[in-house]
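Undergrad: Sharing a structure with you now.
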Amino acid sequence: MTGLDIHTVAVVGTGVIGRSWIRVFVGAGHPTRVFDPDPDQLAYAMNWLSEDLERDVAGGLLSSDDASKQVALAGSVESLEEAISGVDYVQESGPEKLSIKRAIFSDLDRLAGKDAILASSTSAMDMTEIASGLEGARRCIVAHPTNPPHVVPAVEVLGGKNTDSSIIETTVEFLRSVGQIPVVLNFFIEGFLLNRLQSALVREAFNLVQSGVADVDAVDAVVRDGLGLRWALMGPFGVGNTNADGGVREYFTRFRQDYIELMDDLEGTPPITDEFIERLGQQVDDATRGSSVADINRWRDTMVTEIRRLKERHPEPWKK
């Protein structure tokens with residue numbers, strides 16, 4: 001089976017990540033069975049799907065006909081067995097606890113067809129540990145998305161020590177076919193790529209606020225209106241390549257010692273107390289002027305979608 005042979009998929013677990021995966025799959029035309037052991041959570045996710053699609057229609061991002069077709073492709077089911085019987089690909093998005101992941105994958109391996117790919121949205125766990133002792137460990141893989149995956153397309157893909165290379169290839173092909181941008185890791189590392197990079201930045205952001213160098217809005221501003229504008233187009237090495245006429249070699253040669261000294265000056269992990277978190281919360285509330293998280297998320301999703309459309313209209317010159 002290749003990625004393009006995958007037809008019916010299952011989403012197991014319908015929290016913030018799981019419900020977003022539903023939109024990814026139905027948006028690409030795949031019949032999608034949806035299951036959550038919590039019936040209230042499942043009902044909420046299905047309602048969210050309809051409402052989120054309606055908001056896209058109202059915002060001119062999607063036609064009413066397309067939205068109706070996508071809703072029709074998603075079907076909630078009452079049991080795990082019903083969800084994964086006969087499907088080609090399973091995206092698990094359960095709680096981030098190893099014992100729970102192992103229990104879920106044990107059930108998935110037992111109930112799913114022998115050729116079905118079993119993927120996990122885990123943001124930090126090693127598939128070698130999750131699939132340890134499973135007969136079908138060869139078809140178990142991590143597909144860790146960026147939140148929310150129906151808006152932000154990067155997905156970290158890595159197998160466990162027992163995952164077949166063909167499963168990695170098929171997963172990458174499938175994810176690419178549904179509009180994602182798979183990024184393959186060569187081996188497991190705590191936090192993968194995205195969360196390690198994010199944690200490094202957040203750690204220093206905490207330090208800058210906690211030490212009084214700047215407030216929350218100032219730190220957010222230099223990312224939002226500075227670094228982030230460049231990072232929306234290229235990563236740190238790509239930025240380095242554009243920061244000197246001679247490209248990345250000249251840039252990191254010229255500023256090598258500056259980077260070394262600055263990196264050596266960076267502080268370690270600060271104490272993240274309840275009081276500090278409340279301080280952050282109060283400053284975020286002030287900066288967002290009481291806007292609800294739901295309204296902010298909606299604005300974020302719309303803006304990211306527009307940025308992606310802009311990038312599609314103006315692709316990198318070397319990719320034309």
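Ordered as shown in the structure tokens, chains take letters A, B, and onward, while each chain numbers its residues from 1 and ligands are numbered from 1 in the order shown.
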Determine, using only C-alpha atoms, which residues of range 119-209 of chain A have any atom at most 12 Å from an atom of range 251-272 of chain A, and tabulate each with its shortest atom pair and distance in Å to one decimal place, rows ordered by chain and then rising number, as a tab-separated table.
TA:
```
residue	atom	partner	partner_atom	distance
A:Ser199	CA	A:Thr269	CA	10.0
A:Ala200	CA	A:Thr269	CA	9.4
A:Leu201	CA	A:Leu266	CA	10.8
A:Val202	CA	A:Thr269	CA	9.8
A:Arg203	CA	A:Thr269	CA	6.1
A:Glu204	CA	A:Glu267	CA	7.2
A:Ala205	CA	A:Pro270	CA	10.1
A:Phe206	CA	A:Pro270	CA	7.0
A:Asn207	CA	A:Pro270	CA	6.2
A:Leu208	CA	A:Glu267	CA	9.5
A:Val209	CA	A:Pro270	CA	10.4
```
Undergrad: Taking only C-alpha atoms into account, which of A:Gly212, A:Gly94, A:Gly238, A:Gly29 comes nearest Val11 in chain A?
TA: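 The answer is A:Gly94, which sits nearest to Val11 in chain A.
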Undergrad: Enumerate as a list in words all residues of range 143-305 of chain A assigned to strand (DSSP E or B) by DSSP on the backbone, naming them with the chain letters and numbers the document uses.
TA: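 Filtering range 143-305 of chain A to strand (DSSP E or B) leaves Ala143, His144, Pro145, Ala154, Val155, Glu156, Val157, Leu158, Gly159, Ile181, Pro182, Val183 and Val184 of chain A.
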Undergrad: I'd like the contact shell of Ser177 in chain A - 8 Å cut-off, only C-alpha atoms, skipping same-chain residues fewer than 5 positions apart - returned as a list in words.
TA: Gly3, Leu4 and Ala28 of chain A
Undergrad: Would you put the residues from that selection into a file with C-alpha atoms, as an mmCIF file, in the first residue's frame?
TA:
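Contents of the output file out26.cif:
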```
data_model
loop_
_atom_site.group_PDB
_atom_site.id
_atom_site.type_symbol
_atom_site.label_atom_id
_atom_site.label_comp_id
_atom_site.auth_asym_id
_atom_site.auth_seq_id
_atom_site.Cartn_x
_atom_site.Cartn_y
_atom_site.Cartn_z
ATOM 1 C CA GLY A 3 0.035 6.770 0.745
ATOM 2 C CA LEU A 4 -2.225 7.418 -2.212
ATOM 3 C CA ALA A 28 -8.891 16.080 1.605
#
```
Undergrad: Write out as a PyMOL selection string the residues lying within 12 Å of Lys69 in chain A, counting only C-alpha atoms and excluding same-chain residues fewer than 6 positions away.
TA: chain A and resi 23+26-31+50+53+62-63
Undergrad: How about saving the chosen residues, N, CA and C atoms kept, as a PDB file, in the first residue's frame?
TA:
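Written file, again09.pdb:
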```
ATOM      1  N   ARG A  23     -10.735  17.707  10.421  1.00  0.00           N
ATOM      2  CA  ARG A  23     -10.801  18.680   9.333  1.00  0.00           C
ATOM      3  C   ARG A  23      -9.735  18.412   8.276  1.00  0.00           C
ATOM      4  N   VAL A  26     -11.151  15.095   6.277  1.00  0.00           N
ATOM      5  CA  VAL A  26     -12.356  15.316   5.467  1.00  0.00           C
ATOM      6  C   VAL A  26     -12.110  16.408   4.437  1.00  0.00           C
ATOM      7  N   GLY A  27     -11.240  17.354   4.765  1.00  0.00           N
ATOM      8  CA  GLY A  27     -10.910  18.407   3.812  1.00  0.00           C
ATOM      9  C   GLY A  27     -10.223  17.869   2.576  1.00  0.00           C
ATOM     10  N   ALA A  28      -9.564  16.723   2.728  1.00  0.00           N
ATOM     11  CA  ALA A  28      -8.891  16.080   1.605  1.00  0.00           C
ATOM     12  C   ALA A  28      -9.767  15.010   0.957  1.00  0.00           C
ATOM     13  N   GLY A  29     -11.023  14.895   1.423  1.00  0.00           N
ATOM     14  CA  GLY A  29     -11.965  13.979   0.793  1.00  0.00           C
ATOM     15  C   GLY A  29     -11.984  12.568   1.328  1.00  0.00           C
ATOM     16  N   HIS A  30     -11.427  12.335   2.524  1.00  0.00           N
ATOM     17  CA  HIS A  30     -11.374  10.991   3.084  1.00  0.00           C
ATOM     18  C   HIS A  30     -12.534  10.730   4.046  1.00  0.00           C
ATOM     19  N   PRO A  31     -13.286   9.656   3.836  1.00  0.00           N
ATOM     20  CA  PRO A  31     -14.267   9.259   4.851  1.00  0.00           C
ATOM     21  C   PRO A  31     -13.546   9.041   6.177  1.00  0.00           C
ATOM     22  N   SER A  50     -18.811  21.105  12.584  1.00  0.00           N
ATOM     23  CA  SER A  50     -19.839  21.799  11.803  1.00  0.00           C
ATOM     24  C   SER A  50     -19.746  23.313  11.966  1.00  0.00           C
ATOM     25  N   LEU A  53     -16.550  24.790  10.258  1.00  0.00           N
ATOM     26  CA  LEU A  53     -16.735  24.856   8.814  1.00  0.00           C
ATOM     27  C   LEU A  53     -17.682  25.997   8.435  1.00  0.00           C
ATOM     28  N   LEU A  62     -14.361  29.052   2.378  1.00  0.00           N
ATOM     29  CA  LEU A  62     -14.868  27.757   1.933  1.00  0.00           C
ATOM     30  C   LEU A  62     -16.281  27.951   1.409  1.00  0.00           C
ATOM     31  N   SER A  63     -16.652  27.179   0.374  1.00  0.00           N
ATOM     32  CA  SER A  63     -18.013  27.269  -0.137  1.00  0.00           C
ATOM     33  C   SER A  63     -18.950  26.454   0.742  1.00  0.00           C
TER      34      SER A  63
END
```
Undergrad: Would you mind listing what lies within 9 Å of Met1 in chain A as a list in words, with only C-alpha atoms counted and same-chain residues fewer than 3 positions away left out?
TA: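 So the residues in contact are Leu4, Asp5, Ile6, Asp115 and Thr170 of chain A.
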Undergrad: Generate a file of the selected residues that holds C-alpha atoms, formatted as a short mmCIF file (atom, residue, chain, number, x, y, z; two decimals), in the first residue's frame.
TA:
```cif
data_model
loop_
_atom_site.label_atom_id
_atom_site.label_comp_id
_atom_site.auth_asym_id
_atom_site.auth_seq_id
_atom_site.Cartn_x
_atom_site.Cartn_y
_atom_site.Cartn_z
CA LEU A 4 -2.22 7.42 -2.21
CA ASP A 5 -3.96 4.05 -1.66
CA ILE A 6 -5.22 5.16 1.75
CA ASP A 115 -2.11 -3.42 6.81
CA THR A 170 3.75 5.65 3.06
#
```
Undergrad: Tell me which of A:Asp109, A:Glu156, A:Val213, A:Leu233 sits closest to Glu312 in chain A, counting only C-alpha atoms.
TA: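 The shortest atom-to-atom distance to Glu312 in chain A comes from A:Leu233.
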Undergrad: Could you work out how far CA of Pro315 in chain A lies from CA of Asn243 in chain A, giving the answer in Å with one decimal?
TA: 19.8 Å
